[in-house]
file run-v8.txt (compact mmCIF, C-alpha atoms)
# COMPACT_ATOMS: atom_id res chain seq x y z
CA MET A 513 32.02 11.54 5.42
CA MET A 514 29.57 12.84 2.85
CA LYS A 515 25.93 12.18 3.64
CA GLU A 516 23.83 10.19 1.23
CA THR A 517 20.66 11.91 0.02
CA VAL A 518 17.31 10.25 0.64
CA ALA A 519 14.32 11.72 -1.19
CA VAL A 520 11.04 11.03 0.62
CA LEU A 521 7.98 11.35 -1.59
CA PHE A 522 4.48 11.66 -0.15
CA GLY A 523 0.94 12.78 -0.92
CA GLY A 524 0.05 11.68 -4.41
CA GLN A 525 -3.05 11.59 -6.58
CA SER A 526 -4.80 8.60 -5.04
CA SER A 527 -7.69 8.50 -2.58
CA GLU A 528 -5.05 7.72 0.07
CA HIS A 529 -3.35 11.11 -0.23
CA THR A 530 -4.00 12.08 3.41
CA VAL A 531 -2.86 8.73 4.79
CA SER A 532 0.34 9.02 2.74
CA CYS A 533 1.09 12.34 4.44
CA MET A 534 0.45 10.77 7.85
CA SER A 535 2.75 7.85 6.99
CA ALA A 536 5.47 10.15 5.69
CA VAL A 537 5.64 12.08 8.96
CA ASN A 538 6.42 8.86 10.81
CA VAL A 539 8.95 7.65 8.23
CA ILE A 540 10.79 10.98 8.17
CA LYS A 541 11.05 11.05 11.96
CA GLN A 542 12.80 7.64 11.91
CA ILE A 543 15.51 8.52 9.37
CA ASP A 544 18.93 9.22 10.87
CA GLU A 545 19.71 12.79 9.78
CA GLU A 546 23.29 12.45 10.99
CA LYS A 547 23.72 9.81 8.29
CA TYR A 548 21.39 11.05 5.56
CA GLU A 549 20.45 14.35 4.00
CA LEU A 550 16.68 14.44 3.54
CA VAL A 551 14.86 15.97 0.61
CA LEU A 552 11.08 16.10 0.93
CA ILE A 553 8.88 15.98 -2.16
CA GLY A 554 5.14 16.49 -1.81
CA ILE A 555 2.81 15.54 -4.65
CA THR A 556 -0.56 17.29 -4.62
CA GLN A 557 -3.79 15.54 -5.52
CA GLU A 558 -3.67 17.38 -8.84
CA GLY A 559 -0.25 15.86 -9.54
CA ARG A 560 1.95 18.88 -8.88
CA TRP A 561 5.40 18.02 -7.46
CA LEU A 562 6.68 20.44 -4.81
CA LEU A 563 9.89 20.82 -2.81
CA VAL A 564 8.97 20.90 0.90
CA ASP A 565 11.42 22.66 3.18
CA SER A 566 10.73 20.84 6.44
CA ILE A 567 8.67 18.22 8.21
CA LYS A 568 7.03 21.12 10.05
CA GLU A 569 5.25 22.13 6.84
CA LEU A 570 4.02 18.56 6.47
CA CYS A 571 2.82 18.34 10.07
CA GLU A 572 1.04 21.70 9.79
CA ASP A 573 -0.37 20.79 6.36
CA THR A 574 1.00 23.96 4.76
CA TRP A 575 3.36 22.29 2.27
CA ARG A 576 1.05 22.69 -0.74
CA SER A 577 1.80 26.43 -0.81
CA SER A 578 5.47 25.81 -1.66
CA LYS A 579 6.65 27.89 -4.62
CA LYS A 580 9.46 25.50 -5.56
CA ARG A 581 8.81 22.59 -7.87
CA ALA A 582 10.97 19.45 -7.85
CA ILE A 583 10.67 16.43 -10.11
CA ILE A 584 12.66 13.25 -10.67
CA SER A 585 14.60 13.47 -13.93
CA PRO A 586 13.99 10.37 -16.08
CA ASP A 587 17.42 10.92 -17.66
CA ARG A 588 19.57 8.12 -16.26
CA THR A 589 22.74 10.19 -16.62
CA HIS A 590 21.30 12.70 -14.12
CA ARG A 591 20.12 10.43 -11.28
CA CYS A 592 18.75 13.49 -9.62
CA LEU A 593 15.92 15.80 -8.78
CA LEU A 594 15.40 18.85 -10.93
CA ILE A 595 14.52 21.75 -8.63
CA PHE A 596 12.91 24.76 -10.30
CA GLY A 597 13.34 28.09 -8.54
CA GLU A 598 10.87 30.97 -8.65
CA ASP A 599 13.38 32.89 -10.77
CA GLY A 600 13.35 30.19 -13.46
CA SER A 601 16.63 28.61 -12.37
CA VAL A 602 17.08 24.84 -12.40
CA GLU A 603 19.21 23.01 -9.83
CA LYS A 604 20.23 19.36 -10.14
CA LYS A 605 20.10 17.60 -6.79
CA PRO A 606 21.66 14.08 -6.88
CA VAL A 607 19.58 11.42 -5.11
CA ASP A 608 21.06 8.23 -3.65
CA VAL A 609 17.81 6.56 -2.53
CA ALA A 610 14.14 7.37 -3.05
CA PHE A 611 11.59 6.45 -0.39
CA PRO A 612 8.13 6.66 -1.99
CA VAL A 613 5.77 6.80 0.99
CA LEU A 614 2.87 6.71 -1.46
CA HIS A 615 -0.21 4.54 -1.15
CA GLY A 616 -2.65 3.55 -3.86
CA LEU A 617 -2.76 4.61 -7.50
CA PHE A 618 0.32 6.28 -9.01
CA GLY A 619 2.38 5.41 -5.94
CA GLU A 620 1.92 1.75 -5.09
CA ASP A 621 0.94 0.42 -8.51
CA GLY A 622 4.27 0.32 -10.35
CA THR A 623 4.02 3.70 -12.06
CA ILE A 624 6.43 5.69 -9.89
CA GLN A 625 8.60 2.59 -9.55
CA GLY A 626 8.96 2.66 -13.34
CA LEU A 627 10.12 6.28 -13.12
CA PHE A 628 12.81 5.33 -10.60
CA GLU A 629 13.93 2.49 -12.88
CA LEU A 630 14.25 4.92 -15.80
CA ALA A 631 16.14 7.37 -13.60
CA GLY A 632 18.51 4.72 -12.23
CA ILE A 633 17.69 5.72 -8.65
CA PRO A 634 17.51 2.98 -5.97
CA TYR A 635 14.12 3.01 -4.26
CA VAL A 636 12.46 1.46 -1.24
CA GLY A 637 9.86 -1.21 -1.81
CA CYS A 638 8.62 -3.62 -4.44
CA GLY A 639 9.47 -3.33 -8.11
CA VAL A 640 7.29 -2.48 -11.10
CA LEU A 641 5.76 -5.92 -11.64
CA SER A 642 5.09 -6.83 -8.01
CA SER A 643 3.68 -3.37 -7.25
CA ALA A 644 1.33 -3.50 -10.23
CA VAL A 645 0.17 -7.06 -9.55
CA ALA A 646 -0.42 -6.51 -5.82
CA MET A 647 -2.31 -3.29 -6.47
CA ASP A 648 -4.70 -5.08 -8.79
CA LYS A 649 -6.80 -7.32 -6.55
CA LEU A 650 -8.13 -9.32 -9.51
CA TYR A 651 -4.70 -10.32 -10.79
CA THR A 652 -3.47 -10.99 -7.27
CA LYS A 653 -6.30 -13.49 -6.98
CA VAL A 654 -5.24 -15.19 -10.22
CA ILE A 655 -1.73 -15.70 -8.80
CA VAL A 656 -2.97 -16.87 -5.41
CA ASP A 657 -5.34 -19.32 -7.12
CA ALA A 658 -2.26 -20.85 -8.79
CA LEU A 659 -0.61 -21.26 -5.37
CA GLY A 660 -3.60 -23.21 -4.09
CA ILE A 661 -4.03 -20.88 -1.12
CA ARG A 662 -7.61 -20.44 0.07
CA GLN A 663 -9.19 -17.08 -0.68
CA ALA A 664 -12.71 -15.72 -0.99
CA GLU A 665 -14.69 -16.89 -4.02
CA TYR A 666 -15.14 -13.99 -6.41
CA VAL A 667 -16.84 -12.66 -9.53
CA PRO A 668 -14.96 -10.09 -11.67
CA VAL A 669 -17.04 -7.26 -13.17
CA MET A 670 -15.94 -4.59 -15.65
CA ARG A 671 -17.38 -1.08 -15.44
CA GLU A 672 -18.80 -1.27 -18.96
CA GLU A 673 -20.80 -4.34 -17.97
CA LEU A 674 -22.84 -2.18 -15.60
CA GLU A 675 -24.78 -0.85 -18.60
CA ASP A 676 -26.70 -4.13 -18.29
CA MET A 677 -26.96 -4.18 -14.51
CA ASP A 678 -29.52 -7.00 -14.40
CA GLN A 679 -27.13 -9.33 -16.23
CA VAL A 680 -24.31 -8.46 -13.82
CA VAL A 681 -26.53 -9.10 -10.81
CA GLU A 682 -27.56 -12.45 -12.26
CA LYS A 683 -23.91 -13.40 -12.81
CA VAL A 684 -23.10 -12.58 -9.19
CA GLU A 685 -26.13 -14.31 -7.73
CA ASN A 686 -25.45 -17.46 -9.74
CA LYS A 687 -22.12 -17.89 -7.94
CA LEU A 688 -22.36 -16.12 -4.59
CA SER A 689 -24.83 -15.74 -1.75
CA TYR A 690 -25.59 -12.52 0.12
CA PRO A 691 -24.06 -10.73 1.85
CA VAL A 692 -21.18 -10.00 -0.54
CA PHE A 693 -18.31 -7.53 -0.56
CA VAL A 694 -17.83 -5.25 -3.55
CA LYS A 695 -14.36 -3.81 -4.15
CA PRO A 696 -12.62 -1.70 -6.80
CA SER A 697 -9.79 -3.86 -8.10
CA ASN A 698 -7.19 -1.09 -8.01
CA ALA A 699 -8.25 1.20 -5.17
CA GLY A 700 -6.32 0.88 -1.94
CA SER A 701 -7.10 1.15 1.77
CA SER A 702 -10.74 0.04 1.51
CA ARG A 703 -11.79 3.05 -0.57
CA GLY A 704 -14.98 2.25 -2.49
CA VAL A 705 -15.50 -1.04 -0.62
CA SER A 706 -19.07 -1.90 0.37
CA LYS A 707 -20.93 -4.77 1.96
CA ALA A 708 -24.14 -5.62 0.09
CA GLN A 709 -26.89 -7.48 1.91
CA ASP A 710 -29.32 -7.72 -1.02
CA ARG A 711 -29.82 -7.00 -4.72
CA ASP A 712 -30.50 -3.27 -4.36
CA ALA A 713 -27.44 -2.80 -2.16
CA LEU A 714 -25.36 -4.76 -4.66
CA LYS A 715 -26.35 -2.43 -7.49
CA LYS A 716 -25.42 0.64 -5.44
CA ALA A 717 -22.14 -0.94 -4.33
CA LEU A 718 -21.20 -1.76 -7.92
CA ARG A 719 -21.82 1.83 -9.00
CA ASP A 720 -19.80 3.16 -6.04
CA ALA A 721 -16.88 0.82 -6.83
CA ALA A 722 -17.00 1.86 -10.50
CA ASP A 723 -16.19 5.43 -9.42
CA HIS A 724 -12.78 4.14 -8.30
CA ASP A 725 -11.82 1.62 -11.00
CA ARG A 726 -13.09 -0.04 -14.18
CA LYS A 727 -12.35 -3.49 -12.73
CA ILE A 728 -14.54 -4.57 -9.80
CA LEU A 729 -14.48 -7.64 -7.57
CA VAL A 730 -17.54 -9.10 -5.91
CA GLU A 731 -16.50 -11.52 -3.17
CA GLU A 732 -18.12 -13.98 -0.84
CA THR A 733 -18.28 -12.91 2.79
CA ILE A 734 -15.79 -14.70 5.01
CA THR A 735 -16.77 -14.85 8.67
CA GLY A 736 -13.74 -14.76 10.90
CA HIS A 737 -10.98 -12.66 12.47
CA GLU A 738 -9.23 -10.04 10.33
CA VAL A 739 -5.50 -10.50 10.78
CA GLU A 740 -2.32 -9.18 9.21
CA THR A 741 1.33 -10.09 8.99
CA ALA A 742 4.38 -8.20 7.75
CA VAL A 743 7.13 -9.27 5.35
CA LEU A 744 10.61 -7.73 5.22
CA GLY A 745 13.51 -8.53 2.88
CA GLY A 746 13.93 -10.05 -0.54
CA GLY A 747 16.77 -10.58 -2.98
CA LYS A 748 19.89 -11.63 -1.06
CA ARG A 749 17.97 -11.26 2.19
CA LYS A 750 15.62 -14.15 2.75
CA PRO A 751 12.19 -12.63 3.40
CA GLN A 752 11.26 -12.57 7.09
CA VAL A 753 7.65 -12.84 8.16
CA SER A 754 6.59 -11.20 11.40
CA GLY A 755 4.08 -12.42 13.92
CA VAL A 756 0.36 -11.86 13.48
CA GLY A 757 -1.75 -8.85 14.36
CA GLU A 758 -5.51 -9.03 14.80
CA ILE A 759 -7.84 -6.20 13.85
CA LEU A 760 -10.68 -5.42 16.24
CA ALA A 761 -12.63 -3.14 13.91
CA ALA A 762 -15.01 -0.57 15.33
CA ALA A 763 -17.14 -0.69 12.19
CA ASP A 764 -19.08 -3.61 10.70
CA PHE A 765 -15.95 -4.32 8.66
CA TYR A 766 -12.44 -2.88 8.56
CA ASP A 767 -13.19 0.08 6.28
CA TYR A 768 -11.13 3.18 5.53
CA GLU A 769 -12.47 5.18 8.47
CA SER A 770 -11.84 2.29 10.88
CA LYS A 771 -8.25 1.95 9.73
CA TYR A 772 -7.17 5.55 10.14
CA TYR A 773 -9.69 7.65 12.06
CA ASN A 774 -11.83 5.56 14.40
CA GLU A 775 -10.14 5.38 17.78
CA GLU A 776 -12.42 2.52 18.76
CA SER A 777 -10.60 0.21 16.33
CA LYS A 778 -7.96 -1.80 18.20
CA THR A 779 -5.17 -4.20 17.36
CA VAL A 780 -3.89 -7.25 19.19
CA ILE A 781 -0.39 -8.64 18.59
CA ASP A 782 0.04 -12.42 18.41
CA PRO A 783 -3.59 -13.32 19.13
CA CYS A 784 -4.46 -16.90 19.96
CA LEU A 785 -5.67 -18.45 16.71
CA PRO A 786 -7.39 -21.84 16.31
CA GLY A 787 -5.21 -24.84 15.48
CA ASN A 788 -2.03 -24.07 13.55
CA GLY A 789 -3.55 -20.90 12.08
CA ALA A 790 -0.70 -18.50 12.90
CA GLU A 791 2.04 -20.61 11.30
CA GLU A 792 -0.08 -21.50 8.30
CA LEU A 793 -0.80 -17.82 7.80
CA ARG A 794 2.87 -16.84 8.02
CA GLN A 795 3.87 -19.50 5.50
CA ALA A 796 1.15 -18.40 3.10
CA ALA A 797 2.30 -14.77 3.40
CA GLY A 798 5.86 -15.71 2.48
CA LYS A 799 4.71 -17.74 -0.53
CA ILE A 800 2.50 -14.94 -1.83
CA PHE A 801 5.25 -12.34 -1.36
CA GLN A 802 7.69 -14.44 -3.35
CA ALA A 803 5.10 -15.39 -6.00
CA ILE A 804 4.55 -11.74 -6.93
CA ASP A 805 8.34 -11.15 -6.84
CA GLY A 806 8.02 -8.95 -3.76
CA TYR A 807 10.95 -6.96 -2.45
CA GLY A 808 11.59 -4.78 0.58
CA LEU A 809 8.28 -4.80 2.38
CA SER A 810 4.66 -5.86 2.23
CA ARG A 811 1.77 -6.38 4.58
CA VAL A 812 -0.30 -9.47 3.87
CA ASP A 813 -3.89 -9.59 5.12
CA PHE A 814 -5.96 -12.67 5.94
CA PHE A 815 -9.09 -13.88 7.65
CA VAL A 816 -8.98 -16.76 10.09
CA THR A 817 -12.33 -18.47 10.49
CA ASP A 818 -13.61 -19.82 13.79
CA GLN A 819 -12.74 -23.28 12.47
CA GLY A 820 -9.11 -22.19 12.07
CA GLU A 821 -9.15 -21.94 8.26
CA VAL A 822 -6.73 -19.34 6.86
CA VAL A 823 -8.22 -17.27 4.02
CA PHE A 824 -6.07 -14.79 2.07
CA ASN A 825 -7.50 -11.28 1.64
CA GLU A 826 -4.90 -8.98 0.02
CA ILE A 827 -1.26 -7.89 -0.09
CA ASN A 828 -0.11 -4.27 0.24
CA THR A 829 3.34 -3.39 -1.10
CA MET A 830 3.60 0.03 0.60
CA PRO A 831 1.59 -0.46 3.79
CA GLY A 832 0.60 2.38 6.05
CA PHE A 833 3.30 3.78 8.32
CA THR A 834 1.12 5.94 10.54
CA ALA A 835 1.48 5.98 14.32
CA ILE A 836 -1.02 3.11 14.63
CA SER A 837 -0.27 1.20 11.42
CA MET A 838 0.18 -2.54 11.80
CA TYR A 839 3.32 -2.96 9.67
CA PRO A 840 5.81 -1.13 11.96
CA VAL A 841 3.95 -2.29 15.08
CA LEU A 842 4.39 -5.94 14.09
CA TRP A 843 8.14 -5.51 13.67
CA GLU A 844 8.45 -3.60 16.94
CA ALA A 845 6.88 -6.63 18.61
CA ARG A 846 9.75 -8.67 17.13
CA GLY A 847 12.42 -6.33 18.47
CA ILE A 848 12.96 -4.17 15.39
CA SER A 849 12.42 -0.50 16.28
CA LYS A 850 10.98 1.95 13.77
CA PRO A 851 14.37 3.63 13.12
CA GLN A 852 15.95 0.19 12.57
CA LEU A 853 13.11 -0.81 10.26
CA VAL A 854 13.43 2.30 8.10
CA GLU A 855 17.22 1.82 7.93
CA GLU A 856 16.71 -1.82 6.85
CA LEU A 857 14.39 -0.68 4.07
CA ILE A 858 16.89 1.90 2.82
CA GLN A 859 19.68 -0.69 2.85
CA CYS A 860 17.48 -3.16 0.96
CA ALA A 861 16.91 -0.53 -1.72
CA LYS A 862 20.63 0.02 -2.17
CA GLU A 863 21.41 -3.70 -2.21
CA ARG A 864 18.90 -4.40 -4.96
CA TYR A 865 20.31 -1.65 -7.15
CA HIS A 866 23.97 -2.47 -6.59
CA GLY A 867 23.29 -6.21 -6.72
call {"tool": "encode", "arguments": {"input": "run-v8.txt", "output": "structure tokens"}}
result
Amino acid sequence: MMKETVAVLFGGQSSEHTVSCMSAVNVIKQIDEEKYELVLIGITQEGRWLLVDSIKELCEDTWRSSKKRAIISPDRTHRCLLIFGEDGSVEKKPVDVAFPVLHGLFGEDGTIQGLFELAGIPYVGCGVLSSAVAMDKLYTKVIVDALGIRQAEYVPVMREELEDMDQVVEKVENKLSYPVFVKPSNAGSSRGVSKAQDRDALKKALRDAADHDRKILVEETITGHEVETAVLGGGKRKPQVSGVGEILAAADFYDYESKYYNEESKTVIDPCLPGNGAEELRQAAGKIFQAIDGYGLSRVDFFVTDQGEVVFNEINTMPGFTAISMYPVLWEARGISKPQLVEELIQCAKERYHG
């Protein structure tokens, strides 16, 4: 029986380039190579697409020196990778499924999903619309407002407004009290996120966030537990929602360093939450996933206050898949191993395309 070809893409041009490489190692290790032929495509931070010969190059971080380039052909009659040899030759490599293990801009925001749609190649994860909406925290909030699900109060700010910083500060202070969180609308994994305790800190946080995106969110501070849940399925498969995982952040808040590099950060599966918090959270996650037209997978993040109130934080359509990432850990706690989970995601991709 001929093996199907799965192209795993990793790296990318976002601030989450390194985390993408870490996630890709764990995804690749779970794919059944007796069933699938793997093709590894690394995208450098400059946007150069390279053919990577083995996971060893990824683990040793030597893949960027590859001399072979490989890109997805947008020509739907090809449905393949175009591999460019050092001698100028071009090889067409058919692809059955693409697995974009890419986080953040140009990977999780609908752009590469649009390329797969043009190419006619089935791909793992959410589609163009849901990826773009979930990546943009401001527009996610607009949708969640319509669902009537509690979330942090917020003030949107555009980068160009910062030319009159005093007016922006006044707009924020008229609606919110310190401390506040300042977030780039389109940056992922807590990049550019700051907690501002006063006016001077707010100004600095706004400038820092503006380095990552032209749209900025200033949010009220929610005091409570940071928790996450995972969603799997979509289309013909009714979305399943996992149990809940609690983040015990080593830092003052769950920032980028805490998520991926601080060994003091811990997670707890199925923590005891006040009242009916766990079930309310799971139901809200399913509603949000369906409202953005989610497909395949997402991780949905919440706060649960000490009074048991569930407050939505954000949804991630290509969550981290590192050794300590919550998404696969939550499904393992429900009896779905990492190899089974990756196989489910590949099958979902094929079902959407053929359906």
call {"tool": "axis_aligned_box", "arguments": {"input": "run-v8.txt", "around": "segment 538-543 of chain A", "padding_each_side": "4 Å", "output": "AutoDock Vina command-line options"}}
result
--center_x 11.0 --center_y 9.3 --center_z 10.1 --size_x 17.1 --size_y 11.4 --size_z 11.8
call {"tool": "closest_residue", "arguments": {"input": "run-v8.txt", "among": "A:Glu758, A:Asp544, A:Glu549, A:Glu528", "to": "Ala790 of chain A", "atoms": "all atoms listed in the file"}}
result
A:Glu758
call {"tool": "closest_residue", "arguments": {"input": "run-v8.txt", "among": "A:Pro786, A:Gly626, A:Gly600, A:Gly755", "to": "Arg811 of chain A", "atoms": "only C-alpha atoms"}}
result
A:Gly755
call {"tool": "residues_near_point", "arguments": {"input": "run-v8.txt", "point": "(-15.8, 0.3, -9.3)", "cutoff": "9 Å", "atoms": "only C-alpha atoms", "output": "list in words"}}
result
Val669, Met670, Arg671, Val694, Lys695, Pro696, Ser697, Asn698, Ala699, Gly704, Val705, Ala717, Leu718, Arg719, Asp720, Ala721, Ala722, Asp723, His724, Asp725, Arg726, Lys727, Ile728 and Leu729 of chain A
call {"tool": "residues_around", "arguments": {"input": "run-v8.txt", "residues": "segment 681-690 of chain A", "least_positions_apart": "6", "cutoff": "12 Å", "atoms": "only C-alpha atoms", "output": "PDB file with C-alpha atoms, in the frame of the given file"}}
result
ATOM      1  CA  ALA A 664     -12.710 -15.720  -0.990  1.00  0.00           C
ATOM      2  CA  GLU A 665     -14.690 -16.890  -4.020  1.00  0.00           C
ATOM      3  CA  TYR A 666     -15.140 -13.990  -6.410  1.00  0.00           C
ATOM      4  CA  VAL A 667     -16.840 -12.660  -9.530  1.00  0.00           C
ATOM      5  CA  PRO A 668     -14.960 -10.090 -11.670  1.00  0.00           C
ATOM      6  CA  VAL A 669     -17.040  -7.260 -13.170  1.00  0.00           C
ATOM      7  CA  GLU A 673     -20.800  -4.340 -17.970  1.00  0.00           C
ATOM      8  CA  LEU A 674     -22.840  -2.180 -15.600  1.00  0.00           C
ATOM      9  CA  GLU A 675     -24.780  -0.850 -18.600  1.00  0.00           C
ATOM     10  CA  LYS A 707     -20.930  -4.770   1.960  1.00  0.00           C
ATOM     11  CA  ALA A 708     -24.140  -5.620   0.090  1.00  0.00           C
ATOM     12  CA  GLN A 709     -26.890  -7.480   1.910  1.00  0.00           C
ATOM     13  CA  ASP A 710     -29.320  -7.720  -1.020  1.00  0.00           C
ATOM     14  CA  ARG A 711     -29.820  -7.000  -4.720  1.00  0.00           C
ATOM     15  CA  ASP A 712     -30.500  -3.270  -4.360  1.00  0.00           C
ATOM     16  CA  ALA A 713     -27.440  -2.800  -2.160  1.00  0.00           C
ATOM     17  CA  LEU A 714     -25.360  -4.760  -4.660  1.00  0.00           C
ATOM     18  CA  LYS A 715     -26.350  -2.430  -7.490  1.00  0.00           C
ATOM     19  CA  LYS A 716     -25.420   0.640  -5.440  1.00  0.00           C
ATOM     20  CA  ALA A 717     -22.140  -0.940  -4.330  1.00  0.00           C
ATOM     21  CA  LEU A 718     -21.200  -1.760  -7.920  1.00  0.00           C
ATOM     22  CA  ILE A 728     -14.540  -4.570  -9.800  1.00  0.00           C
ATOM     23  CA  LEU A 729     -14.480  -7.640  -7.570  1.00  0.00           C
ATOM     24  CA  VAL A 730     -17.540  -9.100  -5.910  1.00  0.00           C
ATOM     25  CA  GLU A 731     -16.500 -11.520  -3.170  1.00  0.00           C
ATOM     26  CA  GLU A 732     -18.120 -13.980  -0.840  1.00  0.00           C
ATOM     27  CA  THR A 733     -18.280 -12.910   2.790  1.00  0.00           C
ATOM     28  CA  ILE A 734     -15.790 -14.700   5.010  1.00  0.00           C
TER      29      ILE A 734
END
call {"tool": "residues_around", "arguments": {"input": "run-v8.txt", "residues": "segment 563-579 of chain A", "least_positions_apart": "5", "cutoff": "8 Å", "atoms": "only C-alpha atoms", "output": "PyMOL selection string"}}
result
chain A and resi 533+537+540+551-554+556+595+597-598
call {"tool": "atom_distance", "arguments": {"input": "run-v8.txt", "atom1": "atom CA of Ala646 of chain A", "atom2": "atom CA of Phe522 of chain A"}}
result
19.7 Å
call {"tool": "atom_distance", "arguments": {"input": "run-v8.txt", "atom1": "atom CA of Val602 of chain A", "atom2": "atom CA of Glu516 of chain A"}}
result
21.1 Å
call {"tool": "closest_residue", "arguments": {"input": "run-v8.txt", "among": "A:Arg794, A:Arg581, A:Lys748, A:Arg662", "to": "His866 of chain A", "atoms": "only C-alpha atoms"}}
result
A:Lys748
call {"tool": "residues_around", "arguments": {"input": "run-v8.txt", "residues": "segment 843-851 of chain A", "least_positions_apart": "2", "cutoff": "12 Å", "atoms": "all atoms listed in the file", "output": "number ranges by chain"}}
result
A: 538-545, 740-744, 752-757, 780-782, 809-811, 833-841, 853-858
call {"tool": "closest_residue", "arguments": {"input": "run-v8.txt", "among": "A:Thr652, A:Thr779, A:Gln625, A:Gln663", "to": "Ala861 of chain A", "atoms": "all atoms listed in the file"}}
result
A:Gln625
call {"tool": "atom_distance", "arguments": {"input": "run-v8.txt", "atom1": "atom CA of Leu562 of chain A", "atom2": "atom CA of Leu521 of chain A"}}
result
9.7 Å
call {"tool": "residues_around", "arguments": {"input": "run-v8.txt", "residues": "Ser585 of chain A", "least_positions_apart": "6", "cutoff": "8 Å", "atoms": "all atoms listed in the file", "output": "ChimeraX atom specification"}}
result
/A:591-594,631
call {"tool": "closest_residue", "arguments": {"input": "run-v8.txt", "among": "A:Asn828, A:Gly632, A:Val822, A:His529", "to": "Gly559 of chain A", "atoms": "all atoms listed in the file"}}
result
A:His529
call {"tool": "closest_residue", "arguments": {"input": "run-v8.txt", "among": "A:Ser706, A:Gly637, A:Thr829, A:Glu620", "to": "Val692 of chain A", "atoms": "all atoms listed in the file"}}
result
A:Ser706
call {"tool": "residues_near_point", "arguments": {"input": "run-v8.txt", "point": "(-4.9, -24.6, -1.6)", "cutoff": "12 Å", "atoms": "all atoms listed in the file", "output": "PyMOL selection string"}}
result
chain A and resi 655-664+792+796+799+821-824
